[in-house]
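Heads up, the thing below is written out as C-alpha cells.
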Amino acid sequence: MPELPEVETVRRGLAPAMEGRAIAGVDLARGDLRFPFTPGFAKRLKGRRVLALRRRGKYLLGELDSGETLLMHLGMSGSFRIDHAAPIGEPYIPRGRNPAHDHVVFRFEGGARVTYNDPRRFGFMLLLTAKERETHPLLAGLGVEPLGEGLDADALARMFDGRAAPLKAALLDQKNIAGLGNIYVCEALHRAGLSPLRAARTLVSGGKPSAALKRLAKAIKDVLQQALDAGGSTLRDHHLTDGSLGYFQHSFRVYDREGAACPKKGCAGTIARVVQSGRSTFHCPVCQK
DNA sequence: CTGTGTTCCTGTTCGC
DNA sequence: TGCGAACAGGAACACA
C-alpha cells in the first residue's frame, strides 16, 4: 500500500509502538523478501533500542541506539500490524488474516509485537551501518522530498530540462522526486492539466520553468497533503497498523476511473487508460495538454 | 547516459 | 461455479 501518503501514515501508526522501545527479539519466517535479509539481521537487532522512526520517500528508517539504521520498504503489498501485549496470564494470539505471509515479527520488551506481512514479497528490510546509511545506493540516489522545501518549479525545471521521457515516467522516477507512485502521479497531472504523454522537456525553456511547471509543483504538494490528511488511500481492503482504513481513494479524479466523466468543471472529456512503460496511466485527453 | 521492457511473487477480478 | 487471463500501489536490472 505504498506511496508517500501511505508510507507516512504507516510511520505515524508504528512510531508509538517502536520509538523509545527496545527489541527483545526478531523472528524471521524466511531468509529473504525481495532481497536476502542483511547477514545477522535478527541477531544484530536483538537488544537494540529504536530511537526514532523516520521516512524518506517510500522508505521507513528505524534509527537504532547502535548508530545503525533499519531500512524497510513495503514494495507493493507490504503492511505492518501491531499486536499489543496480552494481559498477564493470557496467551498471545496473533490476529492477522493471512499468517502465511507474516515474514517478520519484531518482539519488543513489554510484550508488544510488530508484524510485517507481504504476500508478493516485493518489500525488503536491510540493516545499514552508520556509514552505509550515507552511501547506500538505495538511499543516496533518491530525489527531493515532495512535501519539503526542495520541490518547486525551479527544481522541476532542473529535473526536466532536455529530457525526452514522458511526464509520467519523469515523475515516477524516484531519482527525481522520492515518494510519488502510479496513483499520485496520475492525480497530480490531472490537477495540473498536463498530459502524462507529454515530453518533460517541453515544460522548460532556457532552463526556466513554464507556468505549467509551477502548477505541477503545487498540484503534487496539494494532492499528497490531501491524501495524507485522509490517512492515505486504501485499495483491496488493505488496512493500517490499527486496522482502520485510509479514505483518499474516494477522492481519486482519474485513477482507476476509465470511462468515467472527467470531474473537471466544464470539461466534457472521458477518462482514458493508456499503458506507459508497462503500467496503467489514467488521464483526461481533453483537459490534460 | 537515456529511455524502455522485463522481472520478481501472490492474490483478486473479469470475461467467457 | 469454474477457469484462465489480465492486472495490481515498486523498482532493480538488462538491453538497445
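Ordering of the C-alpha cells sets the chain letters (A, B, ...), residue numbers begin anew at 1 in every chain, and ligands are numbered from 1 in the order given.
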Using only C-alpha atoms (C1' of nucleotides), find the residues of chain C whose closest atom to chain A is at most 10 Å away, then write them as a PDB file with N, CA, C and O atoms (P, O5', C5', C4', C3', O3' and C1' of nucleotides), in the first residue's frame.
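File written: part_17.pdb
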```pdb
ATOM      1  P    DC C   7      -4.346  -6.141 -18.980  1.00  0.00           P
ATOM      2  O5'  DC C   7      -4.280  -5.779 -17.435  1.00  0.00           O
ATOM      3  C5'  DC C   7      -5.480  -5.638 -16.691  1.00  0.00           C
ATOM      4  C4'  DC C   7      -5.124  -5.599 -15.231  1.00  0.00           C
ATOM      5  C3'  DC C   7      -3.862  -4.769 -14.944  1.00  0.00           C
ATOM      6  O3'  DC C   7      -4.222  -3.608 -14.212  1.00  0.00           O
ATOM      7  C1'  DC C   7      -3.897  -6.827 -13.732  1.00  0.00           C
ATOM      8  P    DA C   8      -3.063  -2.522 -13.958  1.00  0.00           P
ATOM      9  O5'  DA C   8      -2.726  -2.737 -12.410  1.00  0.00           O
ATOM     10  C5'  DA C   8      -3.715  -2.512 -11.426  1.00  0.00           C
ATOM     11  C4'  DA C   8      -3.193  -2.962 -10.077  1.00  0.00           C
ATOM     12  C3'  DA C   8      -1.721  -2.615  -9.860  1.00  0.00           C
ATOM     13  O3'  DA C   8      -1.600  -1.314  -9.284  1.00  0.00           O
ATOM     14  C1'  DA C   8      -2.203  -4.860  -9.187  1.00  0.00           C
ATOM     15  P    DG C   9      -0.870  -0.182 -10.157  1.00  0.00           P
ATOM     16  O5'  DG C   9      -0.158   0.766  -9.130  1.00  0.00           O
ATOM     17  C5'  DG C   9      -0.798   1.210  -7.956  1.00  0.00           C
ATOM     18  C4'  DG C   9       0.181   1.916  -7.056  1.00  0.00           C
ATOM     19  C3'  DG C   9       1.582   1.350  -6.957  1.00  0.00           C
ATOM     20  O3'  DG C   9       2.388   2.327  -6.325  1.00  0.00           O
ATOM     21  C1'  DG C   9       0.306   0.599  -5.153  1.00  0.00           C
ATOM     22  P    DG C  10       3.793   2.528  -6.888  1.00  0.00           P
ATOM     23  O5'  DG C  10       4.552   1.149  -6.624  1.00  0.00           O
ATOM     24  C5'  DG C  10       4.859   0.731  -5.314  1.00  0.00           C
ATOM     25  C4'  DG C  10       6.327   0.379  -5.169  1.00  0.00           C
ATOM     26  C3'  DG C  10       7.301   1.358  -5.817  1.00  0.00           C
ATOM     27  O3'  DG C  10       8.448   1.420  -4.986  1.00  0.00           O
ATOM     28  C1'  DG C  10       7.518  -0.757  -6.848  1.00  0.00           C
ATOM     29  P    DA C  11       9.604   2.477  -5.301  1.00  0.00           P
ATOM     30  O5'  DA C  11      10.687   1.691  -6.156  1.00  0.00           O
ATOM     31  C5'  DA C  11      11.431   0.667  -5.512  1.00  0.00           C
ATOM     32  C4'  DA C  11      12.267  -0.071  -6.538  1.00  0.00           C
ATOM     33  C3'  DA C  11      13.114   0.840  -7.436  1.00  0.00           C
ATOM     34  O3'  DA C  11      14.294   0.144  -7.748  1.00  0.00           O
ATOM     35  C1'  DA C  11      11.829  -0.518  -8.751  1.00  0.00           C
ATOM     36  P    DA C  12      15.693   0.707  -7.256  1.00  0.00           P
ATOM     37  O5'  DA C  12      16.663  -0.528  -7.520  1.00  0.00           O
ATOM     38  C5'  DA C  12      16.461  -1.738  -6.812  1.00  0.00           C
ATOM     39  C4'  DA C  12      16.789  -2.913  -7.694  1.00  0.00           C
ATOM     40  C3'  DA C  12      18.075  -2.744  -8.490  1.00  0.00           C
ATOM     41  O3'  DA C  12      18.738  -4.005  -8.513  1.00  0.00           O
ATOM     42  C1'  DA C  12      16.261  -3.085  -9.971  1.00  0.00           C
TER      43       DA C  12
END
```
| request: Provide as number ranges by chain the residues of chain A at most 8 Å from chain B, counting only C-alpha atoms (C1' of nucleotides). | output: A: 34, 119-122, 165, 277-278
| Residues at most 9 Å from Ile23 in chain A, counting only C-alpha atoms (C1' of nucleotides), excluding those fewer than 2 positions away in the same chain, as JSON, numbers by chain? | {"A": [18, 21, 25, 26, 45, 46, 47, 48, 49, 50, 106, 107, 108, 109]}
| task | From the DSSP assignment of the backbone, select every residue of range 4-78 of chain A that is strand (DSSP E), and format the answer as an MDAnalysis selection string. | result | chainID A and resid 23:28 50:56 59:64 69:73
| task | Mind the document's chain letters and residue numbers, and return as a ChimeraX atom specification the residues of range 97-172 of chain A that DSSP labels alpha helix (DSSP H). | result | /A:130-135,137-140,153-160,167-172
Given the selection you just returned, output its residues as a file containing N, CA and C atoms, formatted as a compact mmCIF listing (two decimals), in the first residue's frame.
```txt
# COMPACT_ATOMS: atom_id res chain seq x y z
N ALA A 130 26.15 2.98 10.15
CA ALA A 130 26.05 4.44 10.07
C ALA A 130 26.65 4.93 8.75
N LYS A 131 27.72 4.28 8.32
CA LYS A 131 28.34 4.70 7.07
C LYS A 131 27.48 4.35 5.86
N GLU A 132 26.94 3.12 5.89
CA GLU A 132 26.09 2.70 4.77
C GLU A 132 24.84 3.57 4.64
N ARG A 133 24.39 4.06 5.78
CA ARG A 133 23.22 4.95 5.79
C ARG A 133 23.44 6.15 4.87
N GLU A 134 24.70 6.59 4.78
CA GLU A 134 25.02 7.76 3.95
C GLU A 134 25.36 7.40 2.52
N THR A 135 25.82 6.17 2.31
CA THR A 135 26.36 5.84 0.99
C THR A 135 25.57 4.78 0.23
N PRO A 137 23.39 2.85 -2.15
CA PRO A 137 22.81 3.34 -3.40
C PRO A 137 21.29 3.50 -3.36
N LEU A 138 20.61 2.69 -2.56
CA LEU A 138 19.15 2.80 -2.50
C LEU A 138 18.73 4.16 -1.93
N LEU A 139 19.56 4.71 -1.06
CA LEU A 139 19.21 5.99 -0.43
C LEU A 139 19.92 7.17 -1.08
N ALA A 140 21.17 6.94 -1.50
CA ALA A 140 21.99 8.05 -1.99
C ALA A 140 21.41 8.68 -3.26
N ALA A 153 9.00 24.86 -8.73
CA ALA A 153 9.06 24.89 -10.19
C ALA A 153 10.50 24.88 -10.69
N ASP A 154 11.39 25.57 -9.99
CA ASP A 154 12.78 25.60 -10.43
C ASP A 154 13.41 24.21 -10.34
N ALA A 155 13.09 23.49 -9.27
CA ALA A 155 13.62 22.13 -9.11
C ALA A 155 13.10 21.23 -10.22
N LEU A 156 11.82 21.36 -10.54
CA LEU A 156 11.25 20.55 -11.63
C LEU A 156 11.93 20.90 -12.95
N ALA A 157 12.22 22.16 -13.16
CA ALA A 157 12.88 22.58 -14.40
C ALA A 157 14.26 21.93 -14.53
N ARG A 158 14.98 21.86 -13.41
CA ARG A 158 16.30 21.20 -13.45
C ARG A 158 16.17 19.72 -13.78
N MET A 159 15.13 19.07 -13.23
CA MET A 159 14.93 17.64 -13.50
C MET A 159 14.54 17.38 -14.95
N PHE A 160 13.73 18.27 -15.51
CA PHE A 160 13.09 18.00 -16.79
C PHE A 160 13.84 18.58 -17.98
N LEU A 167 6.15 12.88 -19.14
CA LEU A 167 5.97 13.38 -17.77
C LEU A 167 5.68 12.27 -16.78
N LYS A 168 4.86 11.30 -17.21
CA LYS A 168 4.52 10.19 -16.31
C LYS A 168 5.78 9.49 -15.80
N ALA A 169 6.68 9.16 -16.73
CA ALA A 169 7.90 8.44 -16.35
C ALA A 169 8.82 9.32 -15.52
N ALA A 170 8.91 10.58 -15.88
CA ALA A 170 9.80 11.50 -15.15
C ALA A 170 9.35 11.67 -13.70
N LEU A 171 8.05 11.70 -13.50
CA LEU A 171 7.54 11.90 -12.14
C LEU A 171 7.59 10.61 -11.31
N LEU A 172 7.53 9.47 -11.98
CA LEU A 172 7.62 8.20 -11.27
C LEU A 172 9.05 7.89 -10.84
```
| message | Between CA of Leu228 in chain A and CA of Glu8 in chain A, what is the distance in Å, rounded to a tenth? | response |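 Answer for the CA of Leu228 in chain A to CA of Glu8 in chain A separation: 7.5 Å.
Interatomic distance, CA of Ile82 in chain A against CA of Leu53 in chain A: 14.8 Å.
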